[in-house]
$ cat run21.tsv   # TSV, C-alpha atoms and all ligand atoms
chain	number	residue	atom	x	y	z
A	419	TRP	CA	117.67	139.57	36.41
A	420	LEU	CA	118.01	139.07	32.65
A	421	ASP	CA	121.07	141.31	32.58
A	422	ARG	CA	122.75	139.09	35.18
A	423	VAL	CA	122.85	135.94	33.07
A	424	GLN	CA	126.09	134.09	32.30
A	425	LEU	CA	125.97	131.47	29.56
A	426	LEU	CA	128.43	128.58	29.82
A	427	GLU	CA	129.13	125.60	27.60
A	428	SER	CA	129.86	122.60	29.79
A	429	VAL	CA	130.05	122.59	33.58
A	430	VAL	CA	129.89	119.93	36.27
A	431	SER	CA	126.86	121.62	37.83
A	432	THR	CA	125.46	125.14	37.49
A	433	GLN	CA	124.83	124.96	41.27
A	434	GLU	CA	128.57	124.95	41.90
A	435	GLU	CA	129.19	127.80	39.45
A	436	ALA	CA	126.46	129.94	41.01
A	437	LYS	CA	127.78	129.17	44.50
A	438	ARG	CA	131.25	130.30	43.53
A	439	LEU	CA	129.84	133.58	42.22
A	440	ALA	CA	127.69	134.04	45.34
A	441	GLU	CA	130.72	133.49	47.60
A	442	ASN	CA	132.47	136.24	45.65
A	443	GLY	CA	129.63	138.69	46.29
A	444	ALA	CA	127.53	138.29	43.13
A	445	PRO	CA	124.26	140.25	43.44
A	446	GLU	CA	120.82	138.74	43.75
A	447	GLY	CA	119.48	137.44	40.45
A	448	THR	CA	122.90	136.40	39.14
A	449	THR	CA	122.12	133.44	36.90
A	450	VAL	CA	124.29	130.71	35.42
A	451	ILE	CA	122.98	128.73	32.45
A	452	ALA	CA	124.88	125.84	30.88
A	453	GLU	CA	124.38	123.92	27.66
A	454	GLU	CA	125.50	120.73	29.38
A	455	GLN	CA	126.16	119.50	32.93
A	456	THR	CA	128.39	116.52	33.53
A	457	GLY	CA	127.64	116.03	37.24
A	458	ALA	CA	124.28	117.66	37.88
A	459	ARG	CA	122.56	117.03	41.18
A	460	GLY	CA	118.93	116.40	41.99
A	461	ARG	CA	117.13	116.39	45.33
A	462	MET	CA	117.93	113.75	47.93
A	463	GLY	CA	121.39	112.98	46.55
A	464	ARG	CA	120.13	111.90	43.13
A	465	LYS	CA	121.75	112.62	39.78
A	466	TRP	CA	120.09	114.87	37.22
A	467	PHE	CA	120.21	113.97	33.54
A	468	SER	CA	121.40	117.08	31.62
A	469	PRO	CA	122.31	116.27	28.00
A	470	ARG	CA	123.92	118.96	25.86
A	471	GLY	CA	121.65	121.50	24.21
A	472	LYS	CA	118.43	119.69	25.08
A	473	GLY	CA	117.27	121.39	28.22
A	474	ILE	CA	117.39	124.47	30.38
A	475	TRP	CA	119.93	123.92	33.13
A	476	MET	CA	120.15	127.04	35.29
A	477	SER	CA	120.98	128.28	38.80
A	478	ILE	CA	120.04	131.62	40.33
A	479	VAL	CA	121.59	133.40	43.32
A	480	LEU	CA	119.03	134.66	45.86
A	481	ARG	CA	119.82	136.73	48.93
A	482	PRO	CA	116.57	136.80	50.91
A	483	ASN	CA	116.48	138.25	54.37
A	484	LEU	CA	114.60	135.32	55.91
A	485	PRO	CA	114.67	133.05	58.93
A	486	LEU	CA	116.00	129.62	57.90
A	487	LEU	CA	112.67	128.05	58.79
A	488	GLN	CA	111.02	129.88	55.90
A	489	THR	CA	113.27	128.66	53.08
A	490	PRO	CA	110.85	125.86	52.08
A	491	GLN	CA	108.48	128.65	51.04
A	492	LEU	CA	111.07	129.77	48.48
A	493	THR	CA	111.08	126.27	47.06
A	494	LEU	CA	107.34	126.48	46.45
A	495	LEU	CA	107.70	130.00	45.05
A	496	ALA	CA	110.18	128.73	42.44
A	497	GLY	CA	107.76	125.97	41.45
A	498	VAL	CA	104.93	128.48	40.96
A	499	ALA	CA	107.08	130.82	38.85
A	500	VAL	CA	108.45	128.10	36.58
A	501	CYS	CA	105.03	126.49	36.19
A	502	LYS	CA	103.54	129.82	35.09
A	503	ALA	CA	106.36	130.43	32.60
A	504	ILE	CA	106.01	126.95	31.10
A	505	ARG	CA	102.25	127.24	30.72
A	506	ARG	CA	102.49	130.70	29.13
A	507	VAL	CA	105.35	130.05	26.69
A	508	THR	CA	104.73	126.43	25.70
A	509	GLY	CA	101.03	125.90	26.30
A	510	VAL	CA	101.86	122.66	28.14
A	511	ASP	CA	99.47	122.08	31.03
A	512	ALA	CA	102.08	121.67	33.77
A	513	GLY	CA	101.12	121.05	37.41
A	514	ILE	CA	103.10	121.05	40.65
A	515	LYS	CA	103.76	117.92	42.68
A	516	TRP	CA	104.84	118.79	46.21
A	517	PRO	CA	107.19	120.29	46.94
A	518	ASN	CA	108.22	121.54	43.52
A	519	ASP	CA	108.42	118.93	40.80
A	520	LEU	CA	106.60	119.96	37.67
A	521	LEU	CA	104.60	117.25	35.93
A	522	ALA	CA	102.89	117.04	32.58
A	523	GLY	CA	100.95	114.01	31.39
A	524	GLY	CA	101.72	112.41	34.79
A	525	ARG	CA	105.50	112.55	34.22
A	526	LYS	CA	108.24	114.87	35.39
A	527	ILE	CA	109.27	117.74	33.10
A	528	CYS	CA	111.15	119.91	35.57
A	529	GLY	CA	113.00	119.58	38.85
A	530	ILE	CA	113.96	122.32	41.27
A	531	LEU	CA	116.72	122.19	43.86
A	532	LEU	CA	116.96	124.97	46.42
A	533	GLU	CA	120.22	124.96	48.37
A	534	SER	CA	120.92	127.30	51.27
A	535	SER	CA	124.24	128.49	52.55
A	536	LEU	CA	124.60	129.62	56.16
A	537	ARG	CA	126.92	132.11	57.80
A	538	GLU	CA	127.12	132.34	61.60
A	539	GLY	CA	123.96	130.26	61.88
A	540	GLU	CA	121.94	132.56	59.62
A	541	LEU	CA	120.88	132.32	56.00
A	542	HIS	CA	123.63	133.82	53.83
A	543	TYR	CA	122.33	133.08	50.33
A	544	CYS	CA	120.29	130.49	48.42
A	545	ILE	CA	120.88	128.93	45.04
A	546	ALA	CA	117.75	128.02	43.13
A	547	GLY	CA	118.61	125.32	40.61
A	548	ILE	CA	116.10	124.69	37.83
A	549	GLY	CA	116.27	121.84	35.33
A	550	ILE	CA	113.67	121.90	32.56
A	551	SER	CA	113.54	119.01	30.10
A	552	ALA	CA	112.71	121.15	27.11
A	553	ASN	CA	113.69	119.48	23.85
A	554	LEU	CA	114.58	115.92	24.77
A	555	THR	CA	113.08	113.23	22.56
A	556	GLU	CA	112.03	109.71	23.64
A	557	ASP	CA	115.36	108.37	22.37
A	558	ASP	CA	117.38	110.72	24.57
A	559	TYR	CA	116.18	109.14	27.80
A	560	PRO	CA	118.02	106.24	29.40
A	561	ASP	CA	115.74	103.26	30.16
A	562	HIS	CA	115.36	103.98	33.87
A	563	LEU	CA	113.87	107.43	33.12
A	564	LYS	CA	111.59	106.54	30.21
A	565	GLU	CA	108.58	105.72	32.42
A	566	VAL	CA	108.89	108.63	34.84
A	567	ALA	CA	110.20	111.55	32.79
A	568	THR	CA	109.04	113.46	29.77
A	569	SER	CA	109.91	116.70	27.97
A	570	LEU	CA	107.97	119.75	26.90
A	571	ARG	CA	108.69	118.84	23.29
A	572	ILE	CA	107.24	115.34	23.71
A	573	GLN	CA	104.19	116.83	25.44
A	574	ARG	CA	103.71	119.13	22.44
A	575	GLY	CA	103.68	116.24	20.00
A	576	GLY	CA	107.24	116.93	18.81
A	577	VAL	CA	107.05	120.72	18.44
A	578	PRO	CA	110.38	122.09	19.76
A	579	ILE	CA	110.64	124.72	22.47
A	580	ASP	CA	112.35	128.09	22.02
A	581	ARG	CA	114.71	127.83	24.99
A	582	SER	CA	115.67	131.53	25.06
A	583	GLU	CA	112.06	132.58	25.23
A	584	LEU	CA	111.41	130.16	28.07
A	585	VAL	CA	114.51	131.29	30.00
A	586	ARG	CA	113.35	134.91	29.73
A	587	ALA	CA	109.88	133.97	30.96
A	588	VAL	CA	111.27	131.92	33.88
A	589	LEU	CA	113.49	134.76	35.08
A	590	ASN	CA	110.69	137.23	34.64
A	591	GLU	CA	108.16	135.17	36.63
A	592	LEU	CA	110.75	134.38	39.32
A	593	GLU	CA	111.61	138.02	39.88
A	594	LEU	CA	107.93	138.96	39.91
A	595	HIS	CA	106.89	136.30	42.43
A	596	TYR	CA	109.99	136.87	44.56
A	597	ASN	CA	109.11	140.56	44.86
A	598	LEU	CA	105.48	139.67	45.61
A	599	TYR	CA	106.68	137.31	48.38
A	600	MET	CA	109.01	139.94	49.86
A	601	GLU	CA	106.23	142.53	49.88
A	602	GLN	CA	103.20	140.46	50.86
A	603	GLY	CA	104.57	137.31	52.46
A	604	PHE	CA	103.70	133.69	51.72
A	605	LYS	CA	99.90	134.00	51.45
A	606	PRO	CA	99.61	134.95	47.76
A	607	ILE	CA	102.29	132.38	46.81
A	608	LYS	CA	100.47	129.69	48.79
A	609	GLU	CA	97.22	130.45	46.96
A	610	LEU	CA	98.92	130.28	43.57
A	611	TRP	CA	100.67	127.05	44.52
A	612	GLU	CA	97.36	125.51	45.60
A	613	SER	CA	95.74	126.48	42.30
A	614	MET	CA	98.55	124.81	40.31
A	615	SER	CA	98.99	121.76	42.52
A	616	VAL	CA	98.36	118.22	41.34
A	617	THR	CA	98.87	117.04	44.93
A	618	LEU	CA	96.00	118.50	46.97
A	619	GLY	CA	93.21	116.04	47.67
A	620	ARG	CA	95.28	113.12	46.37
A	621	GLN	CA	96.07	109.79	47.99
A	622	ILE	CA	99.84	109.62	48.44
A	623	ALA	CA	102.59	107.47	49.89
A	624	LEU	CA	105.32	109.12	51.92
A	625	ASN	CA	108.71	107.51	52.14
A	626	SER	CA	110.52	108.67	55.25
A	627	PRO	CA	113.21	107.26	57.57
A	628	GLN	CA	110.30	105.85	59.63
A	629	GLY	CA	109.11	103.84	56.63
A	630	ARG	CA	106.33	104.11	54.09
A	631	SER	CA	102.90	105.45	54.98
A	632	GLU	CA	99.81	106.23	52.95
A	633	SER	CA	97.54	109.23	53.47
A	634	ILE	CA	95.42	111.88	51.81
A	635	VAL	CA	96.77	115.40	51.25
A	636	VAL	CA	94.40	117.84	52.91
A	637	GLY	CA	96.35	121.09	52.62
A	638	LEU	CA	99.51	123.12	52.74
A	639	ASP	CA	100.67	124.64	56.05
A	640	GLU	CA	101.98	128.15	56.67
A	641	LEU	CA	105.61	127.09	56.18
A	642	GLY	CA	105.00	125.23	52.93
A	643	GLY	CA	104.75	121.76	54.48
A	644	LEU	CA	102.11	119.26	53.47
A	645	ILE	CA	99.17	118.47	55.79
A	646	LEU	CA	98.26	114.79	55.66
A	647	LYS	CA	95.40	112.69	57.01
A	648	ASN	CA	95.90	108.94	57.45
A	649	SER	CA	93.26	106.21	57.34
A	650	ALA	CA	92.76	106.53	61.12
A	651	GLY	CA	91.88	110.19	60.60
A	652	GLU	CA	95.07	111.43	62.25
A	653	ILE	CA	96.49	114.72	60.93
A	654	SER	CA	100.21	115.31	60.53
A	655	SER	CA	102.50	117.73	58.75
A	656	VAL	CA	105.55	116.91	56.65
A	657	CYS	CA	108.08	119.55	55.69
A	658	SER	CA	110.54	117.64	53.55
A	659	GLY	CA	110.90	114.39	51.69
A	660	GLU	CA	109.48	112.62	48.72
A	661	ILE	CA	105.88	111.65	48.01
A	662	GLU	CA	104.42	109.26	45.53
A	663	LEU	CA	101.03	110.07	43.97
A	664	LEU	CA	98.81	106.95	44.15
A	701	LIG	C1	115.20	117.31	41.39
A	701	LIG	O1	114.09	117.20	40.89
A	701	LIG	O2	115.71	116.38	42.01
A	701	LIG	C2	115.94	118.62	41.26
A	701	LIG	C3	116.72	118.72	39.98
A	701	LIG	C4	117.47	120.02	39.81
A	701	LIG	C5	118.30	120.06	38.57
A	701	LIG	C6	118.91	121.40	38.31
A	701	LIG	S1	119.60	121.56	36.70
A	701	LIG	C7	120.38	123.04	37.13
A	701	LIG	C8	120.90	122.87	38.53
A	701	LIG	N1	122.20	122.26	38.56
A	701	LIG	C9	122.21	121.08	39.19
A	701	LIG	O3	123.22	120.36	39.37
A	701	LIG	N2	120.96	120.77	39.59
A	701	LIG	C10	120.02	121.83	39.26
$ encode --input "run21.tsv" --output "structure tokens" --more "lines below"
Ligand code: BTN
Amino acid sequence: WLDRVQLLESVVSTQEEAKRLAENGAPEGTTVIAEEQTGARGRMGRKWFSPRGKGIWMSIVLRPNLPLLQTPQLTLLAGVAVCKAIRRVTGVDAGIKWPNDLLAGGRKICGILLESSLREGELHYCIAGIGISANLTEDDYPDHLKEVATSLRIQRGGVPIDRSELVRAVLNELELHYNLYMEQGFKPIKELWESMSVTLGRQIALNSPQGRSESIVVGLDELGGLILKNSAGEISSVCSGEIELL
């Protein structure tokens, strides 16, 4: 997919750029990378902080032949691939918080947003958006992010990241794990995800429209949802939303 990369200066969101290309028939693996985003999106309607030249802000077009129900598996796949690339290139000990936030030192270093587009009720294409806080320094963060976010550079004691090398590794790992998934299904991805997870076995709080509830994470289900056990011993599954590690 490396030969399908487009580098842009400033965009509102690489998600929108990649979507436009996908609508015009761009092949799988088409990737848009921007130096800066002025209106980047995060999960659950949040904004994503994307200062110029400091991070890796990228979106990739995927055209999987999958039932809609299985797209959460792709989300986990992206988390596994990016986590591997980060560990290999930067040496930072990143872990995955369900579904696909990457944490280091207990703080977020990378967010992933998988958006699906439908045609006639079926999956048409997906856009995998990846935001890696590579070279931000403490001073770059606005106050409300200081406690919850960090960068690879900060985690390396100030040693900057070679962004091109990391981009190459991310695309390489993504393509590799995507092919593995298409050939062998979710099982190998699930095992890798479990081995990189900082969520399994943890006490968590789940914030859902029904309110806040605390439980222990006991596993990952076949669709990529989280299996939870509450204090009464009841088991439930959650397929989307936001958890808080306690
Ligand atoms: C999250 O953790 O909430 C997901 C953040 C995803 C951010 C990336 S940066 C590249 C792409 N463009 C966007 O507007 N969002 C994603």
$ atom_distance --input "run21.tsv" --atom1 "atom CA of A:Ala458" --atom2 "atom CA of A:Gln488"
25.5 Å
$ residues_around --input "run21.tsv" --residues "A:Leu589" --least-positions-apart "3" --cutoff "8 Å" --atoms "only C-alpha atoms" --output "MDAnalysis selection string"
chainID A and resid 419:420 585:586 592:593
$ residues_near_ligand --input "run21.tsv" --ligand "ligand LIG 701 (chain A)" --cutoff "10 Å" --atoms "only C-alpha atoms and all ligand atoms" --output "ChimeraX atom specification"
/A:429-436,450-452,454-468,473-478,517-520,526-533,545-551,660
$ write_last_selection --input "run21.tsv" --atoms "C-alpha atoms" --output "PDB file, in the frame of the given file"
ATOM      1  CA  VAL A 429     130.050 122.590  33.580  1.00  0.00           C
ATOM      2  CA  VAL A 430     129.890 119.930  36.270  1.00  0.00           C
ATOM      3  CA  SER A 431     126.860 121.620  37.830  1.00  0.00           C
ATOM      4  CA  THR A 432     125.460 125.140  37.490  1.00  0.00           C
ATOM      5  CA  GLN A 433     124.830 124.960  41.270  1.00  0.00           C
ATOM      6  CA  GLU A 434     128.570 124.950  41.900  1.00  0.00           C
ATOM      7  CA  GLU A 435     129.190 127.800  39.450  1.00  0.00           C
ATOM      8  CA  ALA A 436     126.460 129.940  41.010  1.00  0.00           C
ATOM      9  CA  VAL A 450     124.290 130.710  35.420  1.00  0.00           C
ATOM     10  CA  ILE A 451     122.980 128.730  32.450  1.00  0.00           C
ATOM     11  CA  ALA A 452     124.880 125.840  30.880  1.00  0.00           C
ATOM     12  CA  GLU A 454     125.500 120.730  29.380  1.00  0.00           C
ATOM     13  CA  GLN A 455     126.160 119.500  32.930  1.00  0.00           C
ATOM     14  CA  THR A 456     128.390 116.520  33.530  1.00  0.00           C
ATOM     15  CA  GLY A 457     127.640 116.030  37.240  1.00  0.00           C
ATOM     16  CA  ALA A 458     124.280 117.660  37.880  1.00  0.00           C
ATOM     17  CA  ARG A 459     122.560 117.030  41.180  1.00  0.00           C
ATOM     18  CA  GLY A 460     118.930 116.400  41.990  1.00  0.00           C
ATOM     19  CA  ARG A 461     117.130 116.390  45.330  1.00  0.00           C
ATOM     20  CA  MET A 462     117.930 113.750  47.930  1.00  0.00           C
ATOM     21  CA  GLY A 463     121.390 112.980  46.550  1.00  0.00           C
ATOM     22  CA  ARG A 464     120.130 111.900  43.130  1.00  0.00           C
ATOM     23  CA  LYS A 465     121.750 112.620  39.780  1.00  0.00           C
ATOM     24  CA  TRP A 466     120.090 114.870  37.220  1.00  0.00           C
ATOM     25  CA  PHE A 467     120.210 113.970  33.540  1.00  0.00           C
ATOM     26  CA  SER A 468     121.400 117.080  31.620  1.00  0.00           C
ATOM     27  CA  GLY A 473     117.270 121.390  28.220  1.00  0.00           C
ATOM     28  CA  ILE A 474     117.390 124.470  30.380  1.00  0.00           C
ATOM     29  CA  TRP A 475     119.930 123.920  33.130  1.00  0.00           C
ATOM     30  CA  MET A 476     120.150 127.040  35.290  1.00  0.00           C
ATOM     31  CA  SER A 477     120.980 128.280  38.800  1.00  0.00           C
ATOM     32  CA  ILE A 478     120.040 131.620  40.330  1.00  0.00           C
ATOM     33  CA  PRO A 517     107.190 120.290  46.940  1.00  0.00           C
ATOM     34  CA  ASN A 518     108.220 121.540  43.520  1.00  0.00           C
ATOM     35  CA  ASP A 519     108.420 118.930  40.800  1.00  0.00           C
ATOM     36  CA  LEU A 520     106.600 119.960  37.670  1.00  0.00           C
ATOM     37  CA  LYS A 526     108.240 114.870  35.390  1.00  0.00           C
ATOM     38  CA  ILE A 527     109.270 117.740  33.100  1.00  0.00           C
ATOM     39  CA  CYS A 528     111.150 119.910  35.570  1.00  0.00           C
ATOM     40  CA  GLY A 529     113.000 119.580  38.850  1.00  0.00           C
ATOM     41  CA  ILE A 530     113.960 122.320  41.270  1.00  0.00           C
ATOM     42  CA  LEU A 531     116.720 122.190  43.860  1.00  0.00           C
ATOM     43  CA  LEU A 532     116.960 124.970  46.420  1.00  0.00           C
ATOM     44  CA  GLU A 533     120.220 124.960  48.370  1.00  0.00           C
ATOM     45  CA  ILE A 545     120.880 128.930  45.040  1.00  0.00           C
ATOM     46  CA  ALA A 546     117.750 128.020  43.130  1.00  0.00           C
ATOM     47  CA  GLY A 547     118.610 125.320  40.610  1.00  0.00           C
ATOM     48  CA  ILE A 548     116.100 124.690  37.830  1.00  0.00           C
ATOM     49  CA  GLY A 549     116.270 121.840  35.330  1.00  0.00           C
ATOM     50  CA  ILE A 550     113.670 121.900  32.560  1.00  0.00           C
ATOM     51  CA  SER A 551     113.540 119.010  30.100  1.00  0.00           C
ATOM     52  CA  GLU A 660     109.480 112.620  48.720  1.00  0.00           C
TER      53      GLU A 660
END
$ closest_residue --input "run21.tsv" --among "A:Val479, A:Val635, A:Ala444, A:Ile607" --to "A:Leu664" --atoms "all atoms listed in the file"
A:Val635
$ residues_near_point --input "run21.tsv" --point "(113.7, 136.2, 50.4)" --cutoff "10 Å" --atoms "only C-alpha atoms" --output "list in words"
Leu480, Arg481, Pro482, Asn483, Leu484, Pro485, Gln488, Thr489, Gln491, Leu492, Leu541, Tyr543, Cys544, Tyr596, Asn597, Tyr599, Met600, Glu601 and Gly603 of chain A
$ closest_residue --input "run21.tsv" --among "A:Ala552, A:Lys437, A:Thr617, A:Gly629" --to "A:Ser534" --atoms "all atoms listed in the file"
A:Lys437
$ atom_distance --input "run21.tsv" --atom1 "atom CA of A:Leu495" --atom2 "atom CA of A:Lys608"
8.1 Å
$ closest_residue --input "run21.tsv" --among "A:Asp558, A:Glu662, A:Glu565, A:Glu609" --to "A:Glu640" --atoms "all atoms listed in the file"
A:Glu609
$ atom_distance --input "run21.tsv" --atom1 "atom CA of A:Val500" --atom2 "atom CA of A:Ser613"
14.0 Å
